[in-house]
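**Q** File my_file-v2.cif follows (mmCIF, C-alpha atoms and all ligand atoms):
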data_final
#
loop_
_atom_site.label_atom_id
_atom_site.label_comp_id
_atom_site.auth_asym_id
_atom_site.auth_seq_id
_atom_site.Cartn_x
_atom_site.Cartn_y
_atom_site.Cartn_z
CA MET A 172 -0.50 0.40 24.59
CA ILE A 173 2.81 2.26 24.31
CA ALA A 174 3.38 5.15 21.93
CA ALA A 175 5.26 4.64 18.67
CA ASN A 176 7.88 7.15 19.80
CA ASP A 177 8.84 5.10 22.86
CA PRO A 178 12.67 4.94 22.95
CA GLY A 179 12.70 1.13 23.17
CA PHE A 180 10.43 0.83 20.16
CA ARG A 181 12.47 3.36 18.18
CA ALA A 182 15.64 1.41 19.04
CA ALA A 183 14.05 -1.72 17.58
CA LEU A 184 13.68 0.17 14.29
CA ASP A 185 17.25 1.46 14.27
CA GLY A 186 18.65 1.84 10.74
CA LEU A 187 15.25 1.89 9.00
CA GLU A 188 13.93 4.89 7.09
CA LEU A 189 11.62 6.74 9.49
CA VAL A 190 9.48 9.85 8.99
CA ASP A 191 7.99 11.68 11.95
CA HIS A 192 7.54 15.21 10.68
CA PRO A 193 4.00 16.25 11.75
CA VAL A 194 3.09 17.59 8.29
CA GLN A 195 4.22 14.37 6.59
CA LEU A 196 2.40 12.26 9.18
CA LYS A 197 -0.82 14.12 8.48
CA GLN A 198 -0.51 14.19 4.69
CA ARG A 199 0.52 10.57 4.26
CA SER A 200 -2.13 9.17 6.63
CA ARG A 201 -4.97 10.04 4.22
CA ASP A 202 -6.61 8.28 1.31
CA PHE A 203 -9.72 9.44 -0.58
CA TYR A 204 -12.08 8.84 2.38
CA TRP A 205 -13.17 12.47 2.13
CA TYR A 206 -15.38 11.55 -0.87
CA SER A 207 -17.81 10.39 1.83
CA PRO A 208 -19.27 13.06 4.14
CA ILE A 209 -19.67 10.41 6.85
CA LEU A 210 -16.06 9.20 6.66
CA LYS A 211 -14.82 12.75 6.41
CA ARG A 212 -16.47 13.52 9.72
CA GLU A 213 -15.12 10.34 11.32
CA LEU A 214 -11.56 10.22 9.94
CA ASP A 215 -10.46 13.84 9.64
CA GLY A 216 -7.46 14.39 11.91
CA LYS A 217 -6.51 10.70 12.26
CA ALA A 218 -2.81 10.15 11.65
CA ALA A 219 0.07 7.78 12.33
CA ASP A 220 2.69 8.61 14.97
CA LEU A 221 5.49 7.30 12.79
CA ILE A 222 5.99 6.32 9.14
CA VAL A 223 8.40 3.50 8.33
CA VAL A 224 9.55 3.02 4.73
CA PRO A 225 10.95 -0.53 4.28
CA LYS A 226 13.17 -1.38 1.32
CA THR A 227 13.30 -5.15 1.79
CA ILE A 228 11.02 -7.93 3.01
CA ASP A 229 13.36 -8.40 5.98
CA GLU A 230 12.68 -4.80 6.99
CA VAL A 231 8.92 -5.43 6.75
CA VAL A 232 9.34 -8.42 9.06
CA ARG A 233 11.39 -6.32 11.49
CA VAL A 234 8.70 -3.64 11.67
CA ALA A 235 5.87 -6.17 12.05
CA SER A 236 7.81 -7.95 14.77
CA ALA A 237 8.58 -4.73 16.67
CA CYS A 238 4.95 -3.60 16.45
CA ALA A 239 3.77 -6.97 17.78
CA ARG A 240 6.27 -6.96 20.63
CA PHE A 241 5.57 -3.36 21.68
CA LYS A 242 1.83 -3.54 20.91
CA VAL A 243 1.94 -0.63 18.49
CA PRO A 244 -0.85 -0.50 15.86
CA LEU A 245 0.36 -1.06 12.30
CA VAL A 246 -1.35 0.04 9.07
CA VAL A 247 0.01 -0.54 5.56
CA ARG A 248 0.03 2.22 2.94
CA GLY A 249 0.22 1.54 -0.77
CA GLY A 250 -0.61 4.44 -3.08
CA ALA A 251 -3.30 5.77 -0.68
CA THR A 252 -5.96 5.89 -3.39
CA GLY A 253 -8.54 3.78 -1.51
CA ASN A 254 -11.94 5.46 -1.16
CA TYR A 255 -12.99 4.19 2.24
CA GLY A 256 -10.25 5.15 4.69
CA GLN A 257 -8.82 1.64 4.59
CA MET A 258 -5.25 2.84 5.23
CA VAL A 259 -6.07 5.65 7.67
CA PRO A 260 -4.54 4.80 11.07
CA LEU A 261 -7.47 4.94 13.48
CA GLN A 262 -5.34 4.65 16.62
CA GLY A 263 -2.03 6.22 15.61
CA GLY A 264 0.95 3.89 15.62
CA VAL A 265 3.01 2.99 12.57
CA LEU A 266 2.16 3.57 8.92
CA LEU A 267 4.19 1.15 6.82
CA ASP A 268 4.78 2.95 3.52
CA MET A 269 5.44 0.41 0.76
CA ALA A 270 6.67 2.97 -1.80
CA ARG A 271 10.26 1.65 -1.86
CA LEU A 272 9.37 -2.02 -2.17
CA ASP A 273 8.86 -1.37 -5.84
CA ARG A 274 10.86 -3.97 -7.76
CA THR A 275 9.37 -5.96 -10.58
CA LEU A 276 10.94 -9.37 -10.01
CA TRP A 277 10.05 -10.88 -13.36
CA ILE A 278 7.55 -10.91 -16.20
CA GLU A 279 7.50 -14.13 -18.19
CA GLY A 280 4.80 -14.91 -20.70
CA ASP A 281 1.37 -14.03 -19.33
CA ARG A 282 2.40 -13.69 -15.69
CA GLY A 283 4.60 -11.53 -13.53
CA ARG A 284 5.86 -11.27 -9.98
CA PHE A 285 5.99 -7.89 -8.27
CA GLU A 286 6.90 -6.45 -4.91
CA ALA A 287 3.87 -4.96 -3.19
CA GLY A 288 4.83 -1.31 -3.78
CA VAL A 289 5.10 -1.51 -7.57
CA ARG A 290 2.75 1.04 -9.15
CA LEU A 291 0.16 -0.63 -11.37
CA GLY A 292 1.00 1.82 -14.16
CA ASP A 293 4.67 0.75 -14.05
CA ALA A 294 3.68 -2.93 -13.99
CA ASP A 295 1.47 -2.34 -17.02
CA ARG A 296 4.19 -0.45 -18.92
CA LEU A 297 6.73 -3.21 -18.25
CA ALA A 298 4.21 -5.85 -19.35
CA GLN A 299 3.51 -3.88 -22.51
CA ASP A 300 7.24 -3.81 -23.28
CA LYS A 301 6.93 -7.60 -23.48
CA GLY A 302 3.77 -7.60 -25.61
CA TRP A 303 1.27 -8.08 -22.78
CA GLU A 304 -0.80 -5.78 -20.56
CA LEU A 305 -2.53 -5.91 -17.17
CA ARG A 306 -5.89 -7.52 -17.69
CA MET A 307 -7.58 -5.16 -15.26
CA PHE A 308 -6.66 -2.05 -13.32
CA PRO A 309 -8.35 0.81 -11.42
CA SER A 310 -8.40 4.28 -12.96
CA THR A 311 -5.89 5.21 -10.25
CA ARG A 312 -3.24 2.95 -11.79
CA ARG A 313 -0.53 5.62 -11.97
CA GLN A 314 -0.50 5.96 -8.17
CA ALA A 315 -2.06 2.71 -6.92
CA THR A 316 0.20 -0.22 -6.04
CA VAL A 317 -0.03 -3.94 -6.68
CA GLY A 318 -0.38 -4.65 -2.94
CA GLY A 319 -2.98 -1.93 -2.40
CA TYR A 320 -5.06 -3.13 -5.33
CA VAL A 321 -5.01 -6.75 -4.20
CA CYS A 322 -5.77 -5.85 -0.56
CA GLY A 323 -8.16 -2.93 -1.07
CA GLY A 324 -9.48 -3.07 -4.63
CA ALA A 325 -12.07 -5.16 -6.39
CA ALA A 326 -12.18 -4.77 -10.15
CA GLY A 327 -11.57 -2.11 -12.77
CA VAL A 328 -10.92 -1.35 -16.41
CA GLY A 329 -10.88 -4.72 -18.19
CA SER A 330 -13.19 -6.45 -15.70
CA ILE A 331 -16.16 -6.75 -18.08
CA ARG A 332 -14.04 -9.00 -20.26
CA TYR A 333 -11.68 -10.60 -17.71
CA GLY A 334 -13.60 -10.63 -14.41
CA GLN A 335 -12.68 -9.34 -10.97
CA LEU A 336 -9.67 -9.64 -8.71
CA ARG A 337 -11.32 -12.44 -6.73
CA ASP A 338 -11.86 -14.55 -9.84
CA ALA A 339 -9.58 -17.50 -10.56
CA GLY A 340 -6.44 -16.53 -12.45
CA SER A 341 -6.31 -12.87 -11.40
CA VAL A 342 -3.93 -13.36 -8.46
CA LEU A 343 -1.91 -16.57 -8.73
CA ALA A 344 0.15 -16.39 -5.53
CA LEU A 345 0.90 -14.11 -2.60
CA LYS A 346 3.69 -13.90 -0.08
CA VAL A 347 2.22 -12.56 3.14
CA VAL A 348 3.94 -11.29 6.29
C1 LIG A 401 -11.02 8.00 -8.66
C2 LIG A 401 -10.87 6.60 -8.11
C3 LIG A 401 -11.15 5.52 -8.92
C4 LIG A 401 -11.01 4.20 -8.43
N1 LIG A 401 -11.32 3.14 -9.24
C5 LIG A 401 -11.24 1.87 -8.75
C6 LIG A 401 -11.59 0.75 -9.56
O1 LIG A 401 -11.96 0.88 -10.72
N2 LIG A 401 -11.49 -0.48 -9.01
C7 LIG A 401 -11.06 -0.68 -7.73
O2 LIG A 401 -10.97 -1.82 -7.28
N3 LIG A 401 -10.70 0.36 -6.94
C8 LIG A 401 -10.79 1.63 -7.43
N4 LIG A 401 -10.43 2.68 -6.63
C9 LIG A 401 -9.92 2.44 -5.29
C10 LIG A 401 -8.37 2.34 -5.28
O3 LIG A 401 -7.81 3.30 -6.14
C11 LIG A 401 -7.86 1.00 -5.74
O4 LIG A 401 -8.48 -0.05 -5.04
C12 LIG A 401 -6.33 0.92 -5.61
O5 LIG A 401 -5.88 -0.22 -6.28
C13 LIG A 401 -5.83 0.90 -4.18
O6 LIG A 401 -4.42 0.77 -4.24
P1 LIG A 401 -3.45 1.64 -3.31
O7 LIG A 401 -2.07 1.19 -3.58
O8 LIG A 401 -3.73 3.10 -3.49
O9 LIG A 401 -3.94 1.13 -1.90
P2 LIG A 401 -4.11 1.90 -0.51
O10 LIG A 401 -5.26 2.88 -0.63
O11 LIG A 401 -2.82 2.43 -0.07
O12 LIG A 401 -4.52 0.69 0.42
C14 LIG A 401 -5.73 -0.02 0.23
C15 LIG A 401 -5.85 -1.08 1.34
O13 LIG A 401 -4.87 -2.09 1.15
C16 LIG A 401 -3.99 -2.15 2.28
N5 LIG A 401 -2.66 -2.38 1.75
C17 LIG A 401 -1.97 -1.61 0.85
N6 LIG A 401 -0.81 -2.18 0.52
C18 LIG A 401 -0.74 -3.35 1.23
C19 LIG A 401 0.23 -4.38 1.33
N7 LIG A 401 1.35 -4.34 0.61
N8 LIG A 401 -0.01 -5.41 2.17
C20 LIG A 401 -1.16 -5.47 2.90
N9 LIG A 401 -2.12 -4.52 2.84
C21 LIG A 401 -1.91 -3.48 2.01
C22 LIG A 401 -4.14 -0.82 2.99
O14 LIG A 401 -3.85 -0.92 4.37
C23 LIG A 401 -5.61 -0.55 2.75
O15 LIG A 401 -6.40 -1.31 3.63
C24 LIG A 401 -10.58 4.00 -7.11
C25 LIG A 401 -10.25 5.11 -6.30
C26 LIG A 401 -10.40 6.38 -6.78
C27 LIG A 401 -10.04 7.55 -5.88
#
Now, as a test, write the supplied structure out as structure tokens.
Ligand SMILES: Cc1cc2nc3c(=O)[nH]c(=O)nc-3n(C[C@H](O)[C@H](O)[C@H](O)COP(=O)(O)OP(=O)(O)OC[C@H]3O[C@@H](n4cnc5c(N)ncnc54)[C@H](O)[C@@H]3O)c2cc1C
**A**
Amino acid sequence: MIAANDPGFRAALDGLELVDHPVQLKQRSRDFYWYSPILKRELDGKAADLIVVPKTIDEVVRVASACARFKVPLVVRGGATGNYGQMVPLQGGVLLDMARLDRTLWIEGDRGRFEAGVRLGDADRLAQDKGWELRMFPSTRRQATVGGYVCGGAAGVGSIRYGQLRDAGSVLALKVV
């Protein structure tokens, strides 16, 4: 495996927003795993070698492609509110920070389409502007993202009445890279 700071790999990411400051790498490679004494012991000190912040789907594809070609581990970061270390890079590599893929594409009637980095709180506020609301959300909704909730969450406020994420009707479609 080659390191994420290999010159060839960095050249493949030319023009993308990159973060490699050691303090940022450490801070942004953590979720709430430290709630668990076992995970705290196992995950403390784990960090990415490089953060990439894509602004378009094409940039996501570019990063995924470069990581595959250069065999660099890739972990996706939403709002980093998961409790189990799901987004902590275990073997360094790239942390793909979805914070700037945050466009709400549309909300029409009782459904909406969102980029993965949209904060659930923003999605809910925009839905409420149109007379609707999210039918379930975690208590972390101000920070958590649509993509992180779908990939790492399960249920939340509203689930007693409307069910869980895995139930029919909660997620209607996904575009996956
Ligand atoms: C106090 C507290 C309360 C919580 N309450 C709930 C709750 O009620 N219900 C619940 O389900 N969860 C809950 N959680 C867990 C967590 O907040 C939610 O699951 C949240 O939705 C995760 O979203 P995130 O954007 O922070 O994801 P992250 O923590 O960033 O990521 C979660 C997982 O999804 C992956 N991921 C993130 N974005 C993408 C993407 N775009 N594409 C592919 N993979 C991606 C990550 O790699 C990781 O594996 C709680 C957590 C805390 C700390």
**Q** Could you tell me which of A:Ala298, A:Leu291, A:Leu184, A:Val223 comes closest to Val321 (chain A) if we count all atoms listed in the file?
**A** A:Leu291
**Q** Could you report the residues within 8 Å of ligand LIG 401 (chain A), using only C-alpha atoms and all ligand atoms, as number ranges by chain?
**A** A: 202-203, 246-254, 256-259, 269, 287-288, 290-291, 308-312, 314-328, 347
**Q** To one decimal place, how far is CA of Asp268 (chain A) from CA of Ser200 (chain A) in Å?
**A** 9.8 Å
**Q** Tell me, as a count of residues only, which residues lie within 8 Å of Ala235 (chain A), counting all atoms listed in the file; anything in the same chain fewer than 3 positions away does not count.
**A** 6
**Q** Report the distance between CA of Glu213 (chain A) and CA of Val234 (chain A) in Å, rounded to one decimal place.
**A**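 Computing the Euclidean distance for CA of Glu213 (chain A) and CA of Val234 (chain A) yields 27.6 Å.
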**Q** At a cut-off of 12 Å, using only C-alpha atoms, what residues contact Leu276 (chain A)? Leave out same-chain residues fewer than 6 positions from it and give the result as a list in words.
**A**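 Returned residues: Arg282, Gly283, Arg284, Phe285, Glu286, Ala287, Gly288, Val289, Ala294 and Leu297 of chain A.
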**Q** Quick one, how far is CA of Ala237 (chain A) from CA of Asp177 (chain A)?
**A**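 Separating CA of Ala237 (chain A) from CA of Asp177 (chain A) is a distance of 11.6 Å.
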**Q** Find, counting all atoms listed in the file, the residue in A:Arg181, A:Trp303, A:Thr227, A:Lys242 that gets nearest to Ala270 (chain A).
**A**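 Ranking A:Arg181, A:Trp303, A:Thr227, A:Lys242 by distance to Ala270 (chain A), first place goes to A:Thr227.
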